[in-house]
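Shown next, in structure tokens, is the structure this report addresses.
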Amino acid sequence: MNVVTPFEGIGASVKRKEDLRFLSGRGQYTDDINRPGQTYAYILRSPHAHARITGIDLAAAKAMPGVVAIFTGDDMQGIGGLPCGWQIHNKDGSPMAEPPHPVLAQGKVRFVGDAVAVVIAATKAQARDAAEAIEVAYEVLPAAATVEAAIAPGAAPVHDGIAGNVCYDWHIGDPAVNAAAFKTADKVVEFELVNNRLVPNAMEPRAAIGDYDPTTGEYTLYTTSQNPHVIRLLMGAFVLQLPEHKLRVVAPDVGGGFGSKIFHYAEEAIVTWAAGKIARPIKWTADRTESFITDAHGRDHVTKARLALDKDGKFLALHVQTLANMGAYLSTFATSVPTYLYATLLAGVYTTPTVYAEVKAVFTNTVPVDAYRGAGRPEATFLLERLVDVAAMETGIDKVEIRRRNFIPADAFPYQTPVALQYDSGDYQSTLDQALETSGWAGFEARRAEAKGRGRLRGIGISTYIEACGIAPSAVVGALGARAGLYEVGTIRVHPTGSVTVLTGTHSHGQGHETTLAQLVTDRLGVPLAQVDIVHGDTAKIPFGMGTYGSRSLAVGGSAMVKAMDKIVAKARRIAAHLMEASVEDVEFDRGTFRVAGTDKTKAWGEICLTAYVPHNYPIEEIEPGLEETAFYDPKNFTYPGGCHICEVEIDPDTGKVEVVNFTAVDDVGRVINPMIVEGQVQGGVAQGIGQALLETAVYDENGQLLSASFMDYQMPRADDLPPVSVATHTTLCTHNPLGVKGCGEVGAIGSPPAVINAVVDALKDYGVRHIEMPATPAKIWNIIHGGHRMAAE
Amino acid sequence: MYDFAYHKPTSVADAVKILSSDPDARPISGGQTLLPALKHRLNKPSAVVDLSGIAELRGIKRDGDKLVIGALARHGEVANSAEVKAAIPALAQMAGTIGDTQVRNRGTIGGSVSNNDPAADYPSAVLGLGATVVTDKRRIAADDFFQGMFTTALEPGELLVAIEFPIPEKAGYAKMRNPASRYVMAGVFVAKTKSGVRVAVNGAGPCVFRQADMEKALTASWSADAVAGVRQSADGLNGDIHGSAEYRAHLVTVMAKRAVAAAG
Ligand SMILES: Cc1cc2nc3c(=O)[nH]c(=O)nc-3n(C[C@H](O)[C@H](O)[C@H](O)COP(=O)(O)OP(=O)(O)OC[C@H]3O[C@@H](n4cnc5c(N)ncnc54)[C@H](O)[C@@H]3O)c2cc1C
């Protein structure tokens, strides 16, 4: 066994092990899997946002060529609905409204795309042909696509019996303390803003294959999921009532998720259930249009906020009122996003002593809304960082200075916020300093003047943010209404010759876990990277797991691996002590070598591993043979990545087009395992943040039709929309997990949108602009610049 | 996609024969417009007549004071053609900005012009240069060819064979792309030709159209300043989630200035 080169362990930018597979077209995605005798499902969806189904005529469709079976909601009566994983309570302590979420519509459709029937046929085209022959009679009802429309008096109830379409009316913080603090203010800044609705658009559309083996009674679901065990739990226990040992869920290579593949979707239950009915495998693959109208959307908040300041610009109190769009049904984690992942972040990096947030979640006739990269934290950050800029503008205090005055100081950690969280570490002044330096903040006015000479409006914007990830302590989230624990599981399987297979409950869908997690093993056990394999995504192989979202894989999943490696090392030291005839306490282990302390007596890793499996000379009375350990790790706290993003834009005043010309991200993600992968994650997050700020928005018309339902109308960021992003890290270690890591998957998408909009507003400062809603499209900016002219012309 | 019959004739005559015997048959060139429509089941032709085997539809050649471009010339070929670059650089430049590399390597000028998408590029060059559309049975002046949104003078079964562009003294093109689709949100093609100044506007309205006020202004003085003061009326222009008719009207003036500047 050769000793590891230090370049593969923690801190090394080793190339991604998975990329050879991905870049050479050898990835195995769900749609690449084909089962013998496979059939194809096509799902007939509602063309109406809100309608009663008064009749379904299947006769013609059933007679179409290739049709194997057709099922509607009638056939699935008695099957459980899709569950919501987090129960929120109203201000008065009563539980939220939780209407059923049928797998196939039961008498009513509630959004364009709601599943009405499934046709299973020998080919995909035949299934679709037959679906077109199904006659559905609808009685169209009035629809509400926006939160404002849904809570307006007289709005049609999305769910019968839920008056006013309110799912919950929740709050956090102390309203009396908050109100009192406002009375002492020298200045109150009031502000309203929208957090635009987004479509995640993972490159790989969702897909699912259901398979049933009548000889064993075992079901298998292959699915595009970020968390196969969670899907097994939700679908098995709540929807189909299948015991875990008869239900296997496989999430093979997954081509991006960004949150949209966390949730348990109807199609997964449909193909699994129907495979049992017809005793043949069934494949369903979404096309892009289907993705637009069925993948859970993100964001969609309308918020009013008030910030109280004293005469020196110190924040005294924040009061926030948010309307959050849930869509037509409660998706798996939808209810937690605008509450515990949003309002708890409203202290930001500031010492604001009191924060009071009220959140009303509202049903509308739209696609369900749930976690999307950042989930709640981008909404909190956008609100705060816009508000702080407006406060700077209205108090005349410099926008960097007002932030510095309010930062939680570096020596104040652990820091208890007024909204439940306790931050463990951070150093906001230093992060800010580094970002100001890197971005050339001080020289900006010269660049603005130079741009003006070219007829361009240049602006600069800053955002200093914090987020909470590495979710989450099970007891804490349980007390807050989560219906699951949020620990993670890792198994370290050391093979007889010393190579290692890791079974992890997290799931990589683009993040590079096969590399990063392997680096942990290399660093600790001294096994070369090539001899460490990471296995994920199959409930038949991995003991258990909660999956990947909320930037938790390393902080929680990596920590579980560390715990399992602790057990491995402890056992291996006992074997080494036996072989070297030393006492265990005297045996040290350092990356592949066991040594009796203070001597030159050593044993190599490989020899210990072999001994564990060929226990000829072995303390068999005291320890078992073999070298494999599993650990469950439940985090003690959230982790708190933070940072400073600075954006510089130029606007073409003739067209209103914004170009991002510089972007600097300095993020504190805790200890960095693979700097290259961290940089990639931040780049990707910033791309999505710029997308939200300038390009992307899901637009519904008043009848609930999604107008931006394809790439012809939904503007995904393209390479030429993005600037080169300067990415750096400024590390303070997480104090409560063994790796000191915080998480990097979402920071880019959280920190960047307000930096971009602050820059756009700065560029337009001569036009008296206080705020511009996202996305800041050319037409919107043109309206601001030329609004006056136009009115004069009219 | 629904099932359809597939034909691959090798002459215009054969293609026309198939098309005229079956009113539900459709020609296909690059497929960049027709194929997505088929995949979305928006179109249900009985037969698809693949024109790619017809040699007489190919080729780009200079013919005296004209440039003749065959219907099957791909956008990429036009963009890179030495003949086009020498004769009408604005046309080569335009072709090089249509869609993306994949689209340019499949899509054809004949397909684009026959389709007459209001947000397409080529129609403004055809109209702006006062080109002649040559079909299997006649020659149609650009001014008579583009008749409305996705509507042209082509009759059912009639094939676009080539386009003859008179070589202008000067020409320029500028466009603002739709932020999402990257098709044209508002584009202006300006040309100074033997028969006078022509200005064609695409993207902004339901069909490419000539801008008479700008033609007048440029005839009086060929300069960006001359069009800067000419306002396009918003009446009848397109308005959608990407921008109002007023915004597009404004862009027409901006793009006209840029097109003149590009023409030199
Ligand atoms: C992603 C993408 C981006 C694009 N961006 C742009 C853009 O920015 N600007 C732009 O202008 N276009 C754009 N296009 C459209 C592209 O230019 C198409 O190539 C063009 O519109 C049609 O040409 P085609 O050869 O592909 O035609 P096809 O798709 O083969 O046919 C189009 C239509 O014309 C008919 N037709 C084809 N050839 C003939 C003929 N010789 N005679 C009579 N009828 C005929 C067909 O029956 C069909 O109705 C884009 C397309 C895509 C897919």
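In the structure tokens, chains take letters A, B, ... by order of appearance, with residues numbered from 1 within each chain and ligands from 1 in the order shown.
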
*asked:* Can you work out which residues are within 6 Å of ligand 1, considering only C-alpha atoms and all ligand atoms, and then hand them over as a PyMOL selection string?
replied: chain B and resi 26-34+71+98-99+103+107-108+110-112+114-115+120-122+159-161+182-183

Output file for the selection above: N, CA, C and O atoms, as a compact mmCIF listing (two decimals), in the first residue's frame:
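Just written: result06.txt:
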```txt
# COMPACT_ATOMS: atom_id res chain seq x y z
N ARG B 26 -45.78 18.63 -46.72
CA ARG B 26 -45.01 19.85 -46.45
C ARG B 26 -43.56 19.64 -46.82
O ARG B 26 -42.99 18.60 -46.52
N PRO B 27 -42.93 20.67 -47.46
CA PRO B 27 -41.50 20.54 -47.69
C PRO B 27 -40.72 20.76 -46.39
O PRO B 27 -41.18 21.47 -45.50
N ILE B 28 -39.55 20.14 -46.32
CA ILE B 28 -38.67 20.41 -45.19
C ILE B 28 -37.28 20.71 -45.73
O ILE B 28 -36.79 20.02 -46.62
N SER B 29 -36.67 21.78 -45.19
CA SER B 29 -35.30 22.13 -45.60
C SER B 29 -34.37 21.84 -44.44
O SER B 29 -33.93 20.71 -44.25
N GLY B 30 -34.11 22.84 -43.61
CA GLY B 30 -33.22 22.59 -42.45
C GLY B 30 -33.95 21.98 -41.28
O GLY B 30 -33.33 21.44 -40.35
N GLY B 31 -35.25 22.08 -41.29
CA GLY B 31 -36.05 21.48 -40.22
C GLY B 31 -36.00 22.24 -38.90
O GLY B 31 -36.59 21.79 -37.92
N GLN B 32 -35.35 23.37 -38.87
CA GLN B 32 -35.17 24.07 -37.59
C GLN B 32 -36.45 24.73 -37.10
O GLN B 32 -36.57 25.08 -35.93
N THR B 33 -37.38 24.92 -37.99
CA THR B 33 -38.69 25.43 -37.59
C THR B 33 -39.73 24.31 -37.64
O THR B 33 -40.51 24.13 -36.72
N LEU B 34 -39.69 23.55 -38.72
CA LEU B 34 -40.73 22.53 -38.89
C LEU B 34 -40.59 21.39 -37.87
O LEU B 34 -41.59 20.93 -37.31
N ALA B 71 -32.09 28.25 -52.37
CA ALA B 71 -32.97 28.10 -51.20
C ALA B 71 -32.33 27.26 -50.11
O ALA B 71 -32.54 27.48 -48.92
N ILE B 98 -27.75 34.49 -36.75
CA ILE B 98 -29.04 33.78 -36.62
C ILE B 98 -28.86 32.59 -35.67
O ILE B 98 -27.98 31.76 -35.88
N GLY B 99 -29.69 32.53 -34.66
CA GLY B 99 -29.68 31.36 -33.77
C GLY B 99 -28.29 31.07 -33.21
O GLY B 99 -27.54 31.98 -32.87
N VAL B 103 -28.02 25.70 -35.19
CA VAL B 103 -29.10 26.20 -36.05
C VAL B 103 -28.53 26.69 -37.38
O VAL B 103 -29.08 26.41 -38.45
N GLY B 107 -30.25 25.31 -40.58
CA GLY B 107 -31.30 26.17 -41.12
C GLY B 107 -30.90 26.78 -42.46
O GLY B 107 -29.73 27.04 -42.72
N THR B 108 -31.91 26.99 -43.32
CA THR B 108 -31.64 27.49 -44.66
C THR B 108 -32.36 28.80 -44.92
O THR B 108 -33.37 29.12 -44.27
N GLY B 110 -33.99 29.52 -47.62
CA GLY B 110 -35.29 29.23 -48.23
C GLY B 110 -36.33 28.93 -47.17
O GLY B 110 -37.47 29.41 -47.22
N GLY B 111 -35.94 28.13 -46.18
CA GLY B 111 -36.86 27.79 -45.11
C GLY B 111 -37.26 29.02 -44.32
O GLY B 111 -38.43 29.22 -44.00
N SER B 112 -36.28 29.85 -44.03
CA SER B 112 -36.55 31.03 -43.21
C SER B 112 -37.47 32.01 -43.94
O SER B 112 -38.43 32.51 -43.37
N SER B 114 -39.49 31.41 -46.55
CA SER B 114 -40.82 30.83 -46.79
C SER B 114 -41.65 30.88 -45.52
O SER B 114 -42.87 31.02 -45.57
N ASN B 115 -40.99 30.72 -44.40
CA ASN B 115 -41.71 30.65 -43.14
C ASN B 115 -42.22 32.03 -42.71
O ASN B 115 -43.27 32.16 -42.11
N ALA B 120 -37.94 36.63 -37.46
CA ALA B 120 -36.78 36.09 -38.17
C ALA B 120 -35.93 37.23 -38.74
O ALA B 120 -36.40 38.36 -38.89
N ASP B 121 -34.69 36.90 -39.06
CA ASP B 121 -33.76 37.90 -39.57
C ASP B 121 -33.90 38.15 -41.07
O ASP B 121 -34.06 39.29 -41.51
N TYR B 122 -33.77 37.07 -41.85
CA TYR B 122 -33.65 37.22 -43.31
C TYR B 122 -34.72 38.09 -43.97
O TYR B 122 -34.43 38.83 -44.91
N LEU B 159 -42.64 26.05 -54.51
CA LEU B 159 -41.35 25.96 -53.82
C LEU B 159 -40.52 27.20 -54.05
O LEU B 159 -40.39 27.69 -55.17
N LEU B 160 -39.91 27.68 -52.99
CA LEU B 160 -38.94 28.75 -53.13
C LEU B 160 -37.65 28.10 -53.63
O LEU B 160 -37.17 27.13 -53.05
N VAL B 161 -37.11 28.63 -54.71
CA VAL B 161 -35.95 28.01 -55.35
C VAL B 161 -34.67 28.79 -55.08
O VAL B 161 -33.61 28.22 -54.82
N ARG B 182 -33.95 34.85 -28.22
CA ARG B 182 -32.84 35.40 -29.01
C ARG B 182 -33.19 35.60 -30.47
O ARG B 182 -32.34 35.88 -31.30
N TYR B 183 -34.44 35.39 -30.83
CA TYR B 183 -34.90 35.84 -32.14
C TYR B 183 -34.93 37.36 -32.10
O TYR B 183 -34.56 37.97 -31.10
```

Distance limit 6 Å, atoms considered: only C-alpha atoms. Which chain A residues sit that close to chain B? Return them as a PyMOL selection string. chain A and resi 712-715+779

May I have the selected residues written with N, CA, C and O atoms, as a tab-separated table (two decimals), in the first residue's frame?
```
chain	number	residue	atom	x	y	z
A	712	MET	N	-38.43	29.70	-25.26
A	712	MET	CA	-38.72	30.83	-26.14
A	712	MET	C	-39.10	32.06	-25.32
A	712	MET	O	-38.93	33.19	-25.77
A	713	ASP	N	-39.66	31.81	-24.14
A	713	ASP	CA	-40.13	32.93	-23.32
A	713	ASP	C	-39.54	32.98	-21.92
A	713	ASP	O	-39.72	33.96	-21.22
A	714	TYR	N	-38.91	31.90	-21.50
A	714	TYR	CA	-38.28	31.89	-20.17
A	714	TYR	C	-36.78	31.99	-20.40
A	714	TYR	O	-36.18	31.12	-21.04
A	715	GLN	N	-36.20	33.05	-19.90
A	715	GLN	CA	-34.81	33.30	-20.27
A	715	GLN	C	-33.83	32.67	-19.30
A	715	GLN	O	-33.51	33.22	-18.26
A	779	ALA	N	-36.68	45.96	-21.15
A	779	ALA	CA	-37.91	46.76	-21.30
A	779	ALA	C	-38.22	47.54	-20.02
A	779	ALA	O	-38.62	48.70	-20.07
```

Open item on the list: Quick one: residues within 8 Å of A:Glu702, only C-alpha atoms, excluding same-chain residues fewer than 6 positions away - as a PyMOL selection string?
Closed with: chain A and resi 143-145

DSSP on the backbone, helix (DSSP H, G or I) only: what residues of stretch 474-657 of chain A does that give? Format it as a PyMOL selection string. chain A and resi 474-479+513-525+529-531+553-579+584-586+605-613

Extract, using only C-alpha atoms, all DNA, RNA and protein residues at most 12 Å from B:Leu57, discarding same-chain residues fewer than 3 positions from it, and format them as a ChimeraX atom specification. /B:9-13,15,29,50-54,60,68-74,108-111,134-136,159-163

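The shortest atom-to-atom distance to A:Leu695, with only C-alpha atoms taken into account, belongs to A:Ser708 out of A:Thr522, A:Thr438, A:Ser708, A:Gln321.
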